[in-house]
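S.K.: Could you have a look at this structure, given as structure tokens, before my questions?
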Amino acid sequence: MQFPEPSEKISSKAITVWRIRDSISALIQLIILSILFFAYYYFNWYSWISVILFIIIGYIILSTIYKLTIYPVYLQRTWRYEIDKDHIQIKHGYFHKYHAIVPMSRVEYVNTNQGPLLRKFGLSSITIGTIASSHDIPALPVEKAKELRNRIVYLAQIDDSQKNSLEMDDANE
């Protein structure tokens with residue numbers, strides 16, 4: 001069976017969210033390495049340790065430059081999803097391709113997630129769970145995420161007890 005390519009895109013605000021997240025991560029890594037450098041000088045560790053620390057710092061700097069410039073734009077441009085009455089398609093990546101097709105009959109649960117960064121930018125993520133795995137659709141506008149969650153619940157015919165927990169989630173938001 002041939003499936004058409006998914007056409008729905010995630011929000012372009014995802015680029016900013018991923019850049020902020022990766023900046024925070026890089027800052028924490030550099031703080032930890034600074035503490036290790038202080039310990040290296042204070043305790044007079046072996047000289048080969050400083051070489052390893054410089055290599056790690058070089059790697060972190062190059063990795064951070066890549067994660068702040070190229071990677072978020074590339075990921076946002078390649079991320080696609082499609083939801084129809086029978087399947088959910090999630091596809092992203094160019095070098096490392098990921099393409100998942102989840103039959104609606106296998107969907108066990110659907111959650112919307114929103115951390116502090118996503119909330120600041122008015123975004124939310126959806127997690128679609130099956131018995132064996134879970135799949136995420138990141139960085140959707142909040143209203144679109146709620147609409148998709150409710151649509152998937154309806155199409156997957158998730159039972160009433162799970163629907164009640166979804167309604168309680170809406171009341172808490």
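For the structure tokens, the naming scheme is as follows: chains receive sequential letters (A, B, ...) according to their order of presentation, residues are indexed from 1 within each chain, and ligands are indexed from 1 in presentation order.
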Give me the residues within 12 Å of A:Gly93 as a ChimeraX atom specification, counting only C-alpha atoms and dropping any in the same chain fewer than 6 places off.

M.R.: /A:71-80,99-100

S.K.: Next, the residues of the selection above should be written as a PDB file, in the first residue's frame with N, CA and C atoms.

M.R.:
ATOM      1  N   TYR A  71      20.838  22.875  12.609  1.00  0.00           N
ATOM      2  CA  TYR A  71      19.965  21.756  12.964  1.00  0.00           C
ATOM      3  C   TYR A  71      18.503  22.134  13.206  1.00  0.00           C
ATOM      4  N   PRO A  72      18.182  23.182  13.985  1.00  0.00           N
ATOM      5  CA  PRO A  72      16.758  23.478  14.214  1.00  0.00           C
ATOM      6  C   PRO A  72      16.012  23.861  12.938  1.00  0.00           C
ATOM      7  N   VAL A  73      16.677  24.607  12.055  1.00  0.00           N
ATOM      8  CA  VAL A  73      16.043  24.995  10.796  1.00  0.00           C
ATOM      9  C   VAL A  73      15.800  23.756   9.938  1.00  0.00           C
ATOM     10  N   TYR A  74      16.808  22.908   9.864  1.00  0.00           N
ATOM     11  CA  TYR A  74      16.712  21.669   9.091  1.00  0.00           C
ATOM     12  C   TYR A  74      15.596  20.778   9.632  1.00  0.00           C
ATOM     13  N   LEU A  75      15.537  20.631  10.939  1.00  0.00           N
ATOM     14  CA  LEU A  75      14.535  19.756  11.550  1.00  0.00           C
ATOM     15  C   LEU A  75      13.121  20.301  11.339  1.00  0.00           C
ATOM     16  N   GLN A  76      12.941  21.594  11.526  1.00  0.00           N
ATOM     17  CA  GLN A  76      11.608  22.181  11.348  1.00  0.00           C
ATOM     18  C   GLN A  76      11.149  22.066   9.897  1.00  0.00           C
ATOM     19  N   ARG A  77      12.052  22.246   8.963  1.00  0.00           N
ATOM     20  CA  ARG A  77      11.672  22.170   7.546  1.00  0.00           C
ATOM     21  C   ARG A  77      11.353  20.754   7.089  1.00  0.00           C
ATOM     22  N   THR A  78      11.918  19.755   7.740  1.00  0.00           N
ATOM     23  CA  THR A  78      11.670  18.378   7.305  1.00  0.00           C
ATOM     24  C   THR A  78      10.570  17.690   8.100  1.00  0.00           C
ATOM     25  N   TRP A  79      10.116  18.286   9.199  1.00  0.00           N
ATOM     26  CA  TRP A  79       9.119  17.635  10.046  1.00  0.00           C
ATOM     27  C   TRP A  79       7.744  17.760   9.401  1.00  0.00           C
ATOM     28  N   ARG A  80       7.102  16.604   9.155  1.00  0.00           N
ATOM     29  CA  ARG A  80       5.765  16.555   8.562  1.00  0.00           C
ATOM     30  C   ARG A  80       4.936  15.509   9.305  1.00  0.00           C
ATOM     31  N   HIS A  99      10.292   7.744   9.607  1.00  0.00           N
ATOM     32  CA  HIS A  99       8.958   7.748   9.014  1.00  0.00           C
ATOM     33  C   HIS A  99       8.135   6.677   9.715  1.00  0.00           C
ATOM     34  N   ALA A 100       7.166   7.116  10.504  1.00  0.00           N
ATOM     35  CA  ALA A 100       6.310   6.186  11.241  1.00  0.00           C
ATOM     36  C   ALA A 100       4.889   6.291  10.713  1.00  0.00           C
TER      37      ALA A 100
END

S.K.: Can you pull out every residue from chain A that DSSP, working from the backbone, puts in strand (DSSP E), and format the result as an mmCIF file with C-alpha atoms, in the first residue's frame?

M.R.:
data_model
loop_
_atom_site.group_PDB
_atom_site.id
_atom_site.type_symbol
_atom_site.label_atom_id
_atom_site.label_comp_id
_atom_site.auth_asym_id
_atom_site.auth_seq_id
_atom_site.Cartn_x
_atom_site.Cartn_y
_atom_site.Cartn_z
ATOM 1 C CA GLU A 8 1.164 19.183 7.689
ATOM 2 C CA LYS A 9 4.049 21.194 9.212
ATOM 3 C CA ARG A 80 5.765 16.555 8.562
ATOM 4 C CA TYR A 81 2.729 14.753 9.871
ATOM 5 C CA GLU A 82 -0.635 13.668 8.503
ATOM 6 C CA ILE A 83 -3.704 12.345 10.275
ATOM 7 C CA HIS A 87 -3.450 6.199 9.979
ATOM 8 C CA ILE A 88 -1.162 8.742 11.593
ATOM 9 C CA GLN A 89 2.015 9.506 9.641
ATOM 10 C CA ILE A 90 5.028 11.194 11.192
ATOM 11 C CA LYS A 91 8.081 11.929 9.074
ATOM 12 C CA HIS A 92 11.220 13.981 9.625
ATOM 13 C CA TYR A 98 12.315 8.765 10.466
ATOM 14 C CA HIS A 99 8.958 7.748 9.014
ATOM 15 C CA ALA A 100 6.310 6.186 11.241
ATOM 16 C CA ILE A 101 2.863 5.078 10.153
ATOM 17 C CA VAL A 102 0.605 4.281 13.085
ATOM 18 C CA PRO A 103 -2.759 2.598 12.411
ATOM 19 C CA TYR A 109 -3.652 7.123 24.309
ATOM 20 C CA VAL A 110 -3.041 10.701 23.191
ATOM 21 C CA ASN A 111 -1.490 13.374 25.428
ATOM 22 C CA THR A 112 -0.718 17.023 24.967
ATOM 23 C CA ASN A 113 2.452 18.244 26.667
ATOM 24 C CA LEU A 123 3.009 25.819 21.609
ATOM 25 C CA SER A 124 2.216 22.300 22.699
ATOM 26 C CA SER A 125 3.374 18.806 21.750
ATOM 27 C CA ILE A 126 1.286 15.709 21.168
ATOM 28 C CA THR A 127 2.318 12.228 22.285
ATOM 29 C CA ILE A 128 0.546 9.331 20.588
ATOM 30 C CA GLY A 129 0.953 6.032 22.388
ATOM 31 C CA SER A 134 5.020 6.347 21.585
ATOM 32 C CA HIS A 135 5.356 8.993 18.891
ATOM 33 C CA ASP A 136 5.629 12.759 19.287
ATOM 34 C CA ILE A 137 4.510 15.662 17.161
ATOM 35 C CA PRO A 138 6.331 18.682 18.614
ATOM 36 C CA ALA A 139 5.675 22.408 18.537
ATOM 37 C CA LEU A 140 2.073 22.791 17.451
ATOM 38 C CA PRO A 141 -0.017 25.841 18.326
#

S.K.: For the atom pair atom CA of A:Pro4 and atom CA of A:Lys85, what is the interatomic distance in Å to one decimal place?

M.R.: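 Calculated distance between atom CA of A:Pro4 and atom CA of A:Lys85 is 13.8 Å.
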
S.K.: To one decimal in Å, tell me the separation between atom CA of A:Ile61 and atom CA of A:Ile10.

M.R.: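 Going from atom CA of A:Ile61 over to atom CA of A:Ile10, I get 27.9 Å.
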
S.K.: Give me, please, the distance in Å between atom CA of A:Arg21 and atom CA of A:Lys67, quoted to one decimal.

M.R.: 9.9 Å

S.K.: Using only C-alpha atoms, which of the listed residues (A:Ile65, A:Asp22, A:Asp84, A:Tyr46) sits closest to A:Tyr154?

M.R.: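 Nearest to A:Tyr154: A:Asp84.
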
S.K.: When you count only C-alpha atoms, which of these residues is closest to A:Leu36: A:Met104, A:Ile20, A:Ala145, A:Ile52?

M.R.: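 Selected residue with least distance to A:Leu36: A:Ile52.
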
S.K.: Considering only C-alpha atoms, state which residue in the set A:Leu118, A:Ile152, A:Ala26, A:Ile49 is at the smallest distance from A:Leu68.

M.R.: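 Counting only C-alpha atoms, the residue closest to A:Leu68 is A:Ala26.
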
S.K.: From the set A:Ile60, A:Ser11, A:Arg19, A:Ala39, which residue has the shortest atom-to-atom contact distance to A:Val142, counting only C-alpha atoms?

M.R.: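 So, comparing all the options, the nearest one is A:Ser11.
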
S.K.: Considering only C-alpha atoms, return as number ranges by chain whatever protein or nucleic-acid residues lie within 7 Å of A:Glu108, sequence-local ones (same chain, fewer than 3 positions apart) excluded.

M.R.: A: 129-131, 158

S.K.: Got a sec: who's within 8 Å of stretch 27-33 of chain A, counting only C-alpha atoms, leaving out chain neighbours fewer than 4 positions off, as a PDB file with N, CA, C and O atoms, in the first residue's frame?

M.R.:
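Output file result_31.pdb is given in full below:
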ATOM      1  N   SER A  23      20.774  26.136  23.938  1.00  0.00           N
ATOM      2  CA  SER A  23      21.650  27.131  24.582  1.00  0.00           C
ATOM      3  C   SER A  23      21.758  26.853  26.071  1.00  0.00           C
ATOM      4  O   SER A  23      22.850  26.914  26.652  1.00  0.00           O
ATOM      5  N   PHE A  37      37.821  22.195  35.174  1.00  0.00           N
ATOM      6  CA  PHE A  37      39.086  22.911  34.954  1.00  0.00           C
ATOM      7  C   PHE A  37      39.608  23.519  36.250  1.00  0.00           C
ATOM      8  O   PHE A  37      40.802  23.463  36.538  1.00  0.00           O
ATOM      9  N   LEU A  53      39.952  17.613  28.620  1.00  0.00           N
ATOM     10  CA  LEU A  53      38.993  18.684  28.878  1.00  0.00           C
ATOM     11  C   LEU A  53      38.934  19.663  27.706  1.00  0.00           C
ATOM     12  O   LEU A  53      37.853  20.118  27.323  1.00  0.00           O
ATOM     13  N   ILE A  57      35.673  20.488  25.418  1.00  0.00           N
ATOM     14  CA  ILE A  57      35.194  21.856  25.206  1.00  0.00           C
ATOM     15  C   ILE A  57      35.090  22.160  23.720  1.00  0.00           C
ATOM     16  O   ILE A  57      34.119  22.757  23.258  1.00  0.00           O
ATOM     17  N   ILE A  60      31.998  20.468  22.405  1.00  0.00           N
ATOM     18  CA  ILE A  60      30.779  21.153  22.858  1.00  0.00           C
ATOM     19  C   ILE A  60      30.570  22.441  22.066  1.00  0.00           C
ATOM     20  O   ILE A  60      29.446  22.750  21.659  1.00  0.00           O
TER      21      ILE A  60
END
